[in-house]
Every structure is written in structure tokens, then in C-alpha cells.
$ cat entry-v3.cif   # mmCIF, N, CA and C atoms
data_upload
loop_
_atom_site.label_atom_id
_atom_site.label_comp_id
_atom_site.auth_asym_id
_atom_site.auth_seq_id
_atom_site.Cartn_x
_atom_site.Cartn_y
_atom_site.Cartn_z
N GLN V 1242 -4.33 -5.00 -6.90
CA GLN V 1242 -4.79 -5.73 -5.72
C GLN V 1242 -4.26 -5.03 -4.47
N VAL V 1243 -5.15 -4.83 -3.50
CA VAL V 1243 -4.79 -4.19 -2.23
C VAL V 1243 -5.23 -5.10 -1.10
N GLN V 1244 -4.35 -5.32 -0.15
CA GLN V 1244 -4.70 -6.06 1.06
C GLN V 1244 -4.77 -5.08 2.22
N LEU V 1245 -5.81 -5.22 3.02
CA LEU V 1245 -6.04 -4.31 4.16
C LEU V 1245 -6.05 -5.12 5.45
N VAL V 1246 -5.31 -4.65 6.44
CA VAL V 1246 -5.25 -5.33 7.74
C VAL V 1246 -5.50 -4.32 8.84
N GLU V 1247 -6.57 -4.54 9.61
CA GLU V 1247 -6.92 -3.64 10.70
C GLU V 1247 -6.28 -4.09 12.01
N SER V 1248 -6.10 -3.14 12.89
CA SER V 1248 -5.63 -3.43 14.25
C SER V 1248 -6.14 -2.32 15.17
N GLY V 1249 -6.04 -2.59 16.48
CA GLY V 1249 -6.37 -1.56 17.45
C GLY V 1249 -7.70 -1.72 18.15
N GLY V 1250 -8.49 -2.72 17.77
CA GLY V 1250 -9.75 -2.93 18.46
C GLY V 1250 -9.53 -3.44 19.87
N GLY V 1251 -10.63 -3.51 20.63
CA GLY V 1251 -10.52 -4.00 21.99
C GLY V 1251 -11.75 -3.65 22.80
N LEU V 1252 -11.59 -3.81 24.12
CA LEU V 1252 -12.67 -3.52 25.07
C LEU V 1252 -12.36 -2.22 25.79
N VAL V 1253 -13.34 -1.33 25.84
CA VAL V 1253 -13.15 -0.04 26.49
C VAL V 1253 -14.44 0.35 27.19
N GLN V 1254 -14.33 1.12 28.25
CA GLN V 1254 -15.51 1.60 28.94
C GLN V 1254 -16.13 2.78 28.20
N ALA V 1255 -17.41 2.98 28.41
CA ALA V 1255 -18.10 4.12 27.81
C ALA V 1255 -17.39 5.41 28.21
N GLY V 1256 -17.23 6.29 27.22
CA GLY V 1256 -16.51 7.54 27.45
C GLY V 1256 -15.04 7.47 27.12
N GLY V 1257 -14.55 6.25 26.90
CA GLY V 1257 -13.14 6.07 26.59
C GLY V 1257 -12.82 6.26 25.13
N SER V 1258 -11.57 5.96 24.77
CA SER V 1258 -11.07 6.17 23.41
C SER V 1258 -10.35 4.93 22.91
N LEU V 1259 -10.38 4.76 21.61
CA LEU V 1259 -9.59 3.75 20.90
C LEU V 1259 -9.13 4.34 19.59
N ARG V 1260 -8.03 3.83 19.10
CA ARG V 1260 -7.54 4.23 17.78
C ARG V 1260 -7.37 2.98 16.93
N LEU V 1261 -8.11 2.93 15.84
CA LEU V 1261 -8.00 1.83 14.89
C LEU V 1261 -7.02 2.21 13.78
N SER V 1262 -6.26 1.23 13.36
CA SER V 1262 -5.32 1.44 12.26
C SER V 1262 -5.59 0.42 11.16
N CYS V 1263 -5.30 0.82 9.94
CA CYS V 1263 -5.45 -0.07 8.79
C CYS V 1263 -4.19 0.06 7.93
N ALA V 1264 -3.49 -1.04 7.78
CA ALA V 1264 -2.28 -1.07 6.96
C ALA V 1264 -2.62 -1.66 5.60
N ALA V 1265 -2.22 -0.97 4.56
CA ALA V 1265 -2.51 -1.42 3.19
C ALA V 1265 -1.23 -1.89 2.52
N SER V 1266 -1.32 -2.99 1.84
CA SER V 1266 -0.20 -3.46 1.02
C SER V 1266 -0.66 -3.55 -0.42
N GLY V 1267 0.28 -3.51 -1.33
CA GLY V 1267 -0.08 -3.45 -2.74
C GLY V 1267 0.28 -2.09 -3.30
N ARG V 1268 -0.03 -1.91 -4.55
CA ARG V 1268 0.40 -0.70 -5.24
C ARG V 1268 -0.70 0.34 -5.33
N GLY V 1269 -0.28 1.60 -5.38
CA GLY V 1269 -1.22 2.66 -5.68
C GLY V 1269 -2.17 3.02 -4.58
N PHE V 1270 -1.69 3.07 -3.33
CA PHE V 1270 -2.58 3.38 -2.19
C PHE V 1270 -3.28 4.71 -2.41
N ASN V 1271 -2.60 5.69 -2.95
CA ASN V 1271 -3.24 7.00 -3.11
C ASN V 1271 -4.19 7.07 -4.30
N ASN V 1272 -4.44 5.95 -4.94
CA ASN V 1272 -5.50 5.87 -5.94
C ASN V 1272 -6.86 5.54 -5.34
N TYR V 1273 -6.87 5.30 -4.01
CA TYR V 1273 -8.07 4.84 -3.34
C TYR V 1273 -8.56 5.85 -2.32
N ALA V 1274 -9.85 6.15 -2.38
CA ALA V 1274 -10.49 6.74 -1.22
C ALA V 1274 -10.61 5.63 -0.18
N MET V 1275 -10.42 5.98 1.09
CA MET V 1275 -10.45 4.99 2.16
C MET V 1275 -11.58 5.28 3.12
N GLY V 1276 -12.03 4.25 3.80
CA GLY V 1276 -13.12 4.47 4.73
C GLY V 1276 -13.19 3.39 5.79
N TRP V 1277 -14.09 3.62 6.73
CA TRP V 1277 -14.39 2.65 7.78
C TRP V 1277 -15.89 2.39 7.80
N PHE V 1278 -16.22 1.12 7.96
CA PHE V 1278 -17.59 0.67 8.16
C PHE V 1278 -17.63 -0.11 9.47
N ARG V 1279 -18.83 -0.38 9.94
CA ARG V 1279 -18.97 -1.24 11.12
C ARG V 1279 -20.22 -2.09 10.99
N GLN V 1280 -20.19 -3.21 11.69
CA GLN V 1280 -21.33 -4.12 11.67
C GLN V 1280 -21.54 -4.70 13.05
N ALA V 1281 -22.70 -4.40 13.62
CA ALA V 1281 -23.08 -4.95 14.91
C ALA V 1281 -23.85 -6.25 14.69
N PRO V 1282 -23.90 -7.11 15.70
CA PRO V 1282 -24.62 -8.39 15.55
C PRO V 1282 -26.07 -8.17 15.14
N GLY V 1283 -26.49 -8.90 14.12
CA GLY V 1283 -27.87 -8.82 13.66
C GLY V 1283 -28.21 -7.59 12.85
N LYS V 1284 -27.21 -6.76 12.56
CA LYS V 1284 -27.46 -5.54 11.80
C LYS V 1284 -26.65 -5.53 10.51
N GLU V 1285 -27.06 -4.67 9.59
CA GLU V 1285 -26.33 -4.54 8.34
C GLU V 1285 -25.05 -3.73 8.56
N ARG V 1286 -24.11 -3.95 7.66
CA ARG V 1286 -22.88 -3.16 7.71
C ARG V 1286 -23.22 -1.71 7.37
N GLU V 1287 -22.67 -0.78 8.17
CA GLU V 1287 -22.98 0.62 7.98
C GLU V 1287 -21.74 1.47 7.85
N PHE V 1288 -21.88 2.54 7.09
CA PHE V 1288 -20.80 3.49 6.87
C PHE V 1288 -20.49 4.25 8.15
N VAL V 1289 -19.19 4.52 8.38
CA VAL V 1289 -18.75 5.30 9.54
C VAL V 1289 -18.05 6.58 9.10
N ALA V 1290 -17.01 6.45 8.27
CA ALA V 1290 -16.23 7.63 7.87
C ALA V 1290 -15.45 7.32 6.60
N THR V 1291 -15.12 8.39 5.86
CA THR V 1291 -14.32 8.23 4.66
C THR V 1291 -13.38 9.41 4.49
N ILE V 1292 -12.29 9.18 3.77
CA ILE V 1292 -11.30 10.22 3.49
C ILE V 1292 -10.86 10.09 2.04
N SER V 1293 -10.68 11.22 1.38
CA SER V 1293 -10.33 11.21 -0.03
C SER V 1293 -8.87 10.81 -0.24
N ARG V 1294 -8.47 10.69 -1.49
CA ARG V 1294 -7.18 10.09 -1.84
C ARG V 1294 -5.99 10.79 -1.20
N PHE V 1295 -6.02 12.08 -1.12
CA PHE V 1295 -4.91 12.82 -0.53
C PHE V 1295 -5.30 13.52 0.77
N GLY V 1296 -6.43 13.13 1.34
CA GLY V 1296 -6.82 13.60 2.65
C GLY V 1296 -7.53 14.94 2.68
N GLY V 1297 -7.83 15.49 1.51
CA GLY V 1297 -8.43 16.83 1.49
C GLY V 1297 -9.88 16.87 1.93
N ASN V 1298 -10.58 15.77 1.78
CA ASN V 1298 -12.00 15.70 2.17
C ASN V 1298 -12.22 14.55 3.13
N THR V 1299 -13.10 14.78 4.09
CA THR V 1299 -13.56 13.72 4.98
C THR V 1299 -15.08 13.84 5.13
N TYR V 1300 -15.69 12.73 5.47
CA TYR V 1300 -17.14 12.72 5.65
C TYR V 1300 -17.46 11.67 6.70
N TYR V 1301 -18.43 11.99 7.57
CA TYR V 1301 -18.74 11.11 8.69
C TYR V 1301 -20.24 10.81 8.76
N ALA V 1302 -20.55 9.65 9.27
CA ALA V 1302 -21.93 9.36 9.61
C ALA V 1302 -22.35 10.28 10.75
N ASP V 1303 -23.61 10.66 10.77
CA ASP V 1303 -24.10 11.56 11.81
C ASP V 1303 -23.87 10.99 13.21
N SER V 1304 -23.94 9.68 13.32
CA SER V 1304 -23.83 9.03 14.63
C SER V 1304 -22.44 9.16 15.25
N VAL V 1305 -21.43 9.47 14.45
CA VAL V 1305 -20.06 9.56 14.97
C VAL V 1305 -19.44 10.94 14.79
N LYS V 1306 -20.15 11.82 14.13
CA LYS V 1306 -19.61 13.16 13.84
C LYS V 1306 -19.27 13.88 15.14
N GLY V 1307 -18.09 14.46 15.20
CA GLY V 1307 -17.64 15.15 16.40
C GLY V 1307 -16.95 14.26 17.42
N ARG V 1308 -17.04 12.95 17.25
CA ARG V 1308 -16.39 12.01 18.18
C ARG V 1308 -15.27 11.22 17.50
N PHE V 1309 -15.44 10.92 16.23
CA PHE V 1309 -14.46 10.12 15.48
C PHE V 1309 -13.72 11.01 14.49
N THR V 1310 -12.44 10.66 14.25
CA THR V 1310 -11.64 11.38 13.25
C THR V 1310 -10.89 10.38 12.39
N ILE V 1311 -11.06 10.51 11.08
CA ILE V 1311 -10.34 9.64 10.14
C ILE V 1311 -9.14 10.41 9.60
N SER V 1312 -8.03 9.69 9.39
CA SER V 1312 -6.84 10.31 8.82
C SER V 1312 -6.10 9.27 8.00
N ARG V 1313 -5.19 9.74 7.16
CA ARG V 1313 -4.39 8.80 6.37
C ARG V 1313 -2.98 9.33 6.20
N ASP V 1314 -2.06 8.41 5.99
CA ASP V 1314 -0.66 8.73 5.73
C ASP V 1314 -0.27 7.94 4.48
N ASN V 1315 -0.25 8.60 3.34
CA ASN V 1315 0.03 7.90 2.09
C ASN V 1315 1.47 7.42 2.02
N ALA V 1316 2.37 8.07 2.72
CA ALA V 1316 3.76 7.62 2.72
C ALA V 1316 3.91 6.28 3.44
N LYS V 1317 2.97 6.00 4.36
CA LYS V 1317 3.01 4.74 5.12
C LYS V 1317 1.92 3.77 4.70
N ASN V 1318 1.15 4.13 3.67
CA ASN V 1318 0.04 3.27 3.23
C ASN V 1318 -0.87 2.90 4.39
N ALA V 1319 -1.29 3.91 5.14
CA ALA V 1319 -2.06 3.65 6.35
C ALA V 1319 -3.21 4.63 6.49
N VAL V 1320 -4.27 4.15 7.11
CA VAL V 1320 -5.41 4.98 7.46
C VAL V 1320 -5.81 4.65 8.89
N SER V 1321 -6.24 5.66 9.63
CA SER V 1321 -6.57 5.49 11.04
C SER V 1321 -7.95 6.05 11.35
N LEU V 1322 -8.51 5.58 12.44
CA LEU V 1322 -9.78 6.10 12.94
C LEU V 1322 -9.62 6.32 14.44
N GLN V 1323 -9.57 7.58 14.85
CA GLN V 1323 -9.51 7.92 16.26
C GLN V 1323 -10.94 8.02 16.78
N MET V 1324 -11.25 7.23 17.79
CA MET V 1324 -12.60 7.18 18.32
C MET V 1324 -12.60 7.66 19.77
N ASN V 1325 -13.27 8.76 20.02
CA ASN V 1325 -13.36 9.33 21.36
C ASN V 1325 -14.81 9.30 21.85
N SER V 1326 -14.96 9.48 23.14
CA SER V 1326 -16.30 9.51 23.75
C SER V 1326 -17.14 8.32 23.30
N LEU V 1327 -16.54 7.15 23.38
CA LEU V 1327 -17.22 5.95 22.88
C LEU V 1327 -18.47 5.64 23.69
N LYS V 1328 -19.45 5.08 22.99
CA LYS V 1328 -20.73 4.72 23.57
C LYS V 1328 -20.98 3.22 23.37
N PRO V 1329 -21.80 2.60 24.21
CA PRO V 1329 -22.09 1.17 24.01
C PRO V 1329 -22.63 0.87 22.61
N GLU V 1330 -23.35 1.79 22.03
CA GLU V 1330 -23.89 1.57 20.68
C GLU V 1330 -22.83 1.62 19.59
N ASP V 1331 -21.60 1.98 19.94
CA ASP V 1331 -20.49 1.90 18.98
C ASP V 1331 -19.92 0.48 18.89
N THR V 1332 -20.37 -0.42 19.73
CA THR V 1332 -19.89 -1.79 19.72
C THR V 1332 -20.21 -2.45 18.38
N ALA V 1333 -19.18 -2.98 17.73
CA ALA V 1333 -19.34 -3.59 16.41
C ALA V 1333 -17.99 -4.12 15.95
N VAL V 1334 -18.02 -4.86 14.86
CA VAL V 1334 -16.78 -5.17 14.13
C VAL V 1334 -16.56 -4.03 13.14
N TYR V 1335 -15.37 -3.47 13.17
CA TYR V 1335 -15.03 -2.34 12.32
C TYR V 1335 -14.17 -2.82 11.15
N TYR V 1336 -14.54 -2.37 9.95
CA TYR V 1336 -13.87 -2.80 8.73
C TYR V 1336 -13.26 -1.61 8.01
N CYS V 1337 -12.04 -1.79 7.57
CA CYS V 1337 -11.38 -0.84 6.70
C CYS V 1337 -11.80 -1.13 5.26
N ALA V 1338 -11.97 -0.08 4.45
CA ALA V 1338 -12.48 -0.26 3.10
C ALA V 1338 -11.77 0.66 2.13
N ALA V 1339 -11.63 0.19 0.88
CA ALA V 1339 -10.97 0.97 -0.17
C ALA V 1339 -11.87 1.06 -1.40
N ASP V 1340 -11.98 2.27 -1.95
CA ASP V 1340 -12.81 2.53 -3.13
C ASP V 1340 -11.94 3.20 -4.18
N ARG V 1341 -11.78 2.59 -5.33
CA ARG V 1341 -10.90 3.14 -6.36
C ARG V 1341 -11.64 3.94 -7.43
N SER V 1342 -12.94 4.14 -7.23
CA SER V 1342 -13.69 4.90 -8.23
C SER V 1342 -13.15 6.32 -8.33
N PRO V 1343 -12.76 6.77 -9.51
CA PRO V 1343 -12.22 8.14 -9.63
C PRO V 1343 -13.26 9.22 -9.37
N SER V 1344 -14.54 8.87 -9.40
CA SER V 1344 -15.59 9.87 -9.19
C SER V 1344 -15.92 10.08 -7.73
N PHE V 1345 -15.39 9.24 -6.85
CA PHE V 1345 -15.72 9.37 -5.43
C PHE V 1345 -14.71 10.29 -4.76
N THR V 1346 -15.20 11.39 -4.18
CA THR V 1346 -14.30 12.39 -3.60
C THR V 1346 -14.51 12.59 -2.11
N ALA V 1347 -15.20 11.65 -1.46
CA ALA V 1347 -15.36 11.67 0.00
C ALA V 1347 -16.09 12.91 0.51
N VAL V 1348 -17.06 13.37 -0.25
CA VAL V 1348 -17.94 14.43 0.25
C VAL V 1348 -19.32 13.87 0.55
N GLN V 1349 -19.40 12.54 0.54
CA GLN V 1349 -20.65 11.86 0.88
C GLN V 1349 -20.27 10.49 1.42
N ALA V 1350 -21.27 9.78 1.93
CA ALA V 1350 -20.99 8.46 2.49
C ALA V 1350 -20.58 7.48 1.41
N MET V 1351 -19.73 6.54 1.80
CA MET V 1351 -19.42 5.41 0.92
C MET V 1351 -20.59 4.44 0.93
N ALA V 1352 -20.77 3.74 -0.17
CA ALA V 1352 -21.77 2.68 -0.24
C ALA V 1352 -21.07 1.33 -0.18
N VAL V 1353 -21.69 0.38 0.53
CA VAL V 1353 -21.10 -0.95 0.61
C VAL V 1353 -20.84 -1.52 -0.78
N SER V 1354 -21.76 -1.28 -1.70
CA SER V 1354 -21.66 -1.85 -3.04
C SER V 1354 -20.53 -1.26 -3.86
N SER V 1355 -19.97 -0.12 -3.43
CA SER V 1355 -18.92 0.52 -4.19
C SER V 1355 -17.52 0.15 -3.73
N ILE V 1356 -17.43 -0.62 -2.65
CA ILE V 1356 -16.12 -0.94 -2.08
C ILE V 1356 -15.42 -2.02 -2.90
N ASP V 1357 -14.16 -1.75 -3.19
CA ASP V 1357 -13.37 -2.70 -3.97
C ASP V 1357 -12.62 -3.70 -3.09
N TYR V 1358 -12.16 -3.24 -1.92
CA TYR V 1358 -11.41 -4.11 -1.02
C TYR V 1358 -11.83 -3.87 0.42
N TRP V 1359 -11.88 -4.97 1.18
CA TRP V 1359 -12.23 -4.94 2.59
C TRP V 1359 -11.11 -5.55 3.42
N GLY V 1360 -10.96 -5.05 4.64
CA GLY V 1360 -10.13 -5.73 5.61
C GLY V 1360 -10.93 -6.85 6.27
N GLN V 1361 -10.27 -7.55 7.19
CA GLN V 1361 -10.91 -8.69 7.84
C GLN V 1361 -11.76 -8.28 9.04
N GLY V 1362 -11.59 -7.07 9.51
CA GLY V 1362 -12.38 -6.55 10.62
C GLY V 1362 -11.66 -6.65 11.95
N THR V 1363 -12.00 -5.73 12.85
CA THR V 1363 -11.48 -5.74 14.21
C THR V 1363 -12.62 -5.41 15.16
N GLN V 1364 -12.70 -6.14 16.26
CA GLN V 1364 -13.82 -6.01 17.19
C GLN V 1364 -13.59 -4.83 18.14
N VAL V 1365 -14.62 -4.01 18.27
CA VAL V 1365 -14.64 -2.93 19.26
C VAL V 1365 -15.83 -3.17 20.17
N THR V 1366 -15.56 -3.25 21.46
CA THR V 1366 -16.62 -3.48 22.44
C THR V 1366 -16.57 -2.36 23.48
N VAL V 1367 -17.70 -1.68 23.64
CA VAL V 1367 -17.78 -0.58 24.60
C VAL V 1367 -18.74 -0.99 25.71
N SER V 1368 -18.24 -1.06 26.92
CA SER V 1368 -19.06 -1.47 28.05
C SER V 1368 -19.68 -0.25 28.73
N SER V 1369 -20.85 -0.46 29.28
CA SER V 1369 -21.56 0.66 29.93
C SER V 1369 -21.22 0.74 31.41
#

$ encode --input "entry-v3.cif" --output "C-alpha cells"
Amino acid sequence: QVQLVESGGGLVQAGGSLRLSCAASGRGFNNYAMGWFRQAPGKEREFVATISRFGGNTYYADSVKGRFTISRDNAKNAVSLQMNSLKPEDTAVYYCAADRSPSFTAVQAMAVSSIDYWGQGTQVTVSS
């Protein structure tokens, strides 16, 4: 069992930056590929970024590539998402996610159906 708690959301102007953090509790953090999803009002939850168990691979949605960076610190059971050059269309609730499938190596997008654990979400609002 893994519990995920996000922090770092807030209100920022377009062009600004935010850093989201996800703290994991429970055993075996490095058994999980980690990722971030987001969900805007009236839309489906969508993949944002993922990182492999030991950080060797990362993969991003095209919409955030070059602006967002995912990282993890297995010693601290933590994963982060640095978001730069934010746009109003980045406004959403952002969710931390964990996938324990041994076949997932973070060279492709995570699927919602493959996620084993979710955080509660943190709101990011980008004003124009």
C-alpha cells in the first residue's frame, strides 16, 4: 500500500512557474514508476509526465514537453514536477500517480487504467 500526497499547487500568471511535489508513504517506493496526470473541468483525466523506477527514463505529453520536468528522489520517497512557461490551458487539478507494473519502463505515456495509486490532487490555476 502506498499513500501519495501532493503539494505546491496555486495561482500563477501565464509565463510563470510552479513546482509540484508528491510525498509517498509506505514500502517499496522504488518499485513504482511515478507520474503526473491532470484533469480540467469537464474533461477527462490526461497524462502529463512519467519517470521510471530509478529515474533513468522520462516521458512527457506533447503539450508540456520542453516546459515541464519530472524528477524523483528515492531516498526521500518523493517525486516532483517543475512547471515553467505556464499557460492558461495548463489549469487543472494535478494528480500524482504510481504504477507498479514491472513491464512499464516510462518510455511511453501512462494509462489511467494502469495506475495502482493516486494522490488526492492539487489545483493549479494559470491566469492570462

$ closest_residue --input "entry-v3.cif" --among "V:Ser1304, V:Asn1272, V:Ser1342, V:Ser1248" --to "Asp1357 in chain V" --atoms "only C-alpha atoms"
V:Ser1342

$ closest_residue --input "entry-v3.cif" --among "V:Ala1352, V:Ala1347, V:Leu1252, V:Ile1311" --to "Ala1274 in chain V" --atoms "only N, CA and C atoms"
V:Ala1347

$ resolve_selection --input "entry-v3.cif" --expression "the PyMOL selection byres ((chain V and resi 1255) around 6)" --output "ChimeraX atom specification"
/V:1253-1254,1256-1257,1326-1329,1367-1369

$ write_last_selection --input "entry-v3.cif" --atoms "N, CA and C atoms" --output "tab-separated table (two decimals), in the frame of the given file"
chain	number	residue	atom	x	y	z
V	1253	VAL	N	-13.34	-1.33	25.84
V	1253	VAL	CA	-13.15	-0.04	26.49
V	1253	VAL	C	-14.44	0.35	27.19
V	1254	GLN	N	-14.33	1.12	28.25
V	1254	GLN	CA	-15.51	1.60	28.94
V	1254	GLN	C	-16.13	2.78	28.20
V	1256	GLY	N	-17.23	6.29	27.22
V	1256	GLY	CA	-16.51	7.54	27.45
V	1256	GLY	C	-15.04	7.47	27.12
V	1257	GLY	N	-14.55	6.25	26.90
V	1257	GLY	CA	-13.14	6.07	26.59
V	1257	GLY	C	-12.82	6.26	25.13
V	1326	SER	N	-14.96	9.48	23.14
V	1326	SER	CA	-16.30	9.51	23.75
V	1326	SER	C	-17.14	8.32	23.30
V	1327	LEU	N	-16.54	7.15	23.38
V	1327	LEU	CA	-17.22	5.95	22.88
V	1327	LEU	C	-18.47	5.64	23.69
V	1328	LYS	N	-19.45	5.08	22.99
V	1328	LYS	CA	-20.73	4.72	23.57
V	1328	LYS	C	-20.98	3.22	23.37
V	1329	PRO	N	-21.80	2.60	24.21
V	1329	PRO	CA	-22.09	1.17	24.01
V	1329	PRO	C	-22.63	0.87	22.61
V	1367	VAL	N	-17.70	-1.68	23.64
V	1367	VAL	CA	-17.78	-0.58	24.60
V	1367	VAL	C	-18.74	-0.99	25.71
V	1368	SER	N	-18.24	-1.06	26.92
V	1368	SER	CA	-19.06	-1.47	28.05
V	1368	SER	C	-19.68	-0.25	28.73
V	1369	SER	N	-20.85	-0.46	29.28
V	1369	SER	CA	-21.56	0.66	29.93
V	1369	SER	C	-21.22	0.74	31.41

$ atom_distance --input "entry-v3.cif" --atom1 "CA of Lys1284 in chain V" --atom2 "CA of Ala1333 in chain V"
9.5 Å

$ select_by_dssp --input "entry-v3.cif" --residues "range 1254-1352 of chain V" --states "helix (DSSP H, G or I)" --output "list in words"
Phe1270, Asn1271, Asn1272, Pro1329, Glu1330 and Asp1331 of chain V

$ atom_distance --input "entry-v3.cif" --atom1 "CA of Val1348 in chain V" --atom2 "atom C of Val1365 in chain V"
26.7 Å

$ resolve_selection --input "entry-v3.cif" --expression "the PyMOL selection byres ((chain V and resi 1267) around 7)" --output "PyMOL selection string"
chain V and resi 1242-1244+1265-1266+1268-1270

$ select_by_dssp --input "entry-v3.cif" --residues "chain V" --states "strand (DSSP E or B)" --output "ChimeraX atom specification"
/V:1243-1248,1251-1254,1259-1267,1274-1280,1287-1292,1299-1301,1309-1314,1319-1324,1333-1340,1358-1359,1363-1368

$ atom_distance --input "entry-v3.cif" --atom1 "atom C of Ser1354 in chain V" --atom2 "atom N of Pro1282 in chain V"
20.7 Å

$ decode --input "entry-v3.cif" --residues "range 1318-1326 of chain V" --atoms "all heavy atoms" --output "mmCIF file, in the first residue's frame"
data_model
loop_
_atom_site.group_PDB
_atom_site.id
_atom_site.type_symbol
_atom_site.label_atom_id
_atom_site.label_comp_id
_atom_site.auth_asym_id
_atom_site.auth_seq_id
_atom_site.Cartn_x
_atom_site.Cartn_y
_atom_site.Cartn_z
ATOM 1 N N ASN V 1318 11.542 9.304 -0.942
ATOM 2 C CA ASN V 1318 10.208 8.852 -1.364
ATOM 3 C C ASN V 1318 9.392 10.004 -1.947
ATOM 4 O O ASN V 1318 8.241 10.248 -1.540
ATOM 5 C CB ASN V 1318 9.439 8.224 -0.187
ATOM 6 C CG ASN V 1318 9.912 6.823 0.129
ATOM 7 O OD1 ASN V 1318 10.929 6.371 -0.372
ATOM 8 N ND2 ASN V 1318 9.174 6.133 0.983
ATOM 9 N N ALA V 1319 9.999 10.717 -2.880
ATOM 10 C CA ALA V 1319 9.355 11.916 -3.406
ATOM 11 C C ALA V 1319 9.514 12.011 -4.914
ATOM 12 O O ALA V 1319 10.524 11.560 -5.482
ATOM 13 C CB ALA V 1319 9.925 13.157 -2.740
ATOM 14 N N VAL V 1320 8.520 12.620 -5.534
ATOM 15 C CA VAL V 1320 8.567 12.921 -6.962
ATOM 16 C C VAL V 1320 8.078 14.351 -7.142
ATOM 17 O O VAL V 1320 7.216 14.823 -6.396
ATOM 18 C CB VAL V 1320 7.725 11.923 -7.780
ATOM 19 C CG1 VAL V 1320 6.263 11.965 -7.387
ATOM 20 C CG2 VAL V 1320 7.893 12.150 -9.271
ATOM 21 N N SER V 1321 8.677 15.054 -8.093
ATOM 22 C CA SER V 1321 8.349 16.460 -8.311
ATOM 23 C C SER V 1321 8.044 16.728 -9.776
ATOM 24 O O SER V 1321 8.458 15.962 -10.652
ATOM 25 C CB SER V 1321 9.517 17.349 -7.874
ATOM 26 O OG SER V 1321 9.765 17.218 -6.496
ATOM 27 N N LEU V 1322 7.338 17.812 -10.010
ATOM 28 C CA LEU V 1322 7.061 18.275 -11.364
ATOM 29 C C LEU V 1322 7.331 19.773 -11.403
ATOM 30 O O LEU V 1322 6.589 20.554 -10.801
ATOM 31 C CB LEU V 1322 5.619 17.986 -11.760
ATOM 32 C CG LEU V 1322 5.258 18.324 -13.209
ATOM 33 C CD1 LEU V 1322 5.959 17.360 -14.167
ATOM 34 C CD2 LEU V 1322 3.744 18.273 -13.420
ATOM 35 N N GLN V 1323 8.407 20.156 -12.080
ATOM 36 C CA GLN V 1323 8.730 21.562 -12.273
ATOM 37 C C GLN V 1323 8.013 22.044 -13.522
ATOM 38 O O GLN V 1323 8.221 21.488 -14.600
ATOM 39 C CB GLN V 1323 10.240 21.749 -12.413
ATOM 40 C CG GLN V 1323 10.659 23.182 -12.679
ATOM 41 C CD GLN V 1323 10.373 24.107 -11.510
ATOM 42 O OE1 GLN V 1323 10.581 23.755 -10.356
ATOM 43 N NE2 GLN V 1323 9.878 25.306 -11.811
ATOM 44 N N MET V 1324 7.191 23.063 -13.364
ATOM 45 C CA MET V 1324 6.388 23.565 -14.471
ATOM 46 C C MET V 1324 6.793 25.004 -14.780
ATOM 47 O O MET V 1324 6.632 25.885 -13.924
ATOM 48 C CB MET V 1324 4.898 23.496 -14.114
ATOM 49 C CG MET V 1324 4.448 22.110 -13.672
ATOM 50 S SD MET V 1324 2.673 21.994 -13.431
ATOM 51 C CE MET V 1324 2.448 23.113 -12.049
ATOM 52 N N ASN V 1325 7.322 25.216 -15.962
ATOM 53 C CA ASN V 1325 7.754 26.543 -16.405
ATOM 54 C C ASN V 1325 6.913 26.998 -17.593
ATOM 55 O O ASN V 1325 6.247 26.194 -18.231
ATOM 56 C CB ASN V 1325 9.230 26.508 -16.796
ATOM 57 C CG ASN V 1325 10.138 26.135 -15.645
ATOM 58 O OD1 ASN V 1325 9.855 26.423 -14.485
ATOM 59 N ND2 ASN V 1325 11.256 25.480 -15.948
ATOM 60 N N SER V 1326 6.982 28.281 -17.860
ATOM 61 C CA SER V 1326 6.255 28.855 -19.008
ATOM 62 C C SER V 1326 4.798 28.411 -19.016
ATOM 63 O O SER V 1326 4.264 27.970 -20.035
ATOM 64 C CB SER V 1326 6.942 28.452 -20.318
ATOM 65 O OG SER V 1326 8.281 28.882 -20.346
#
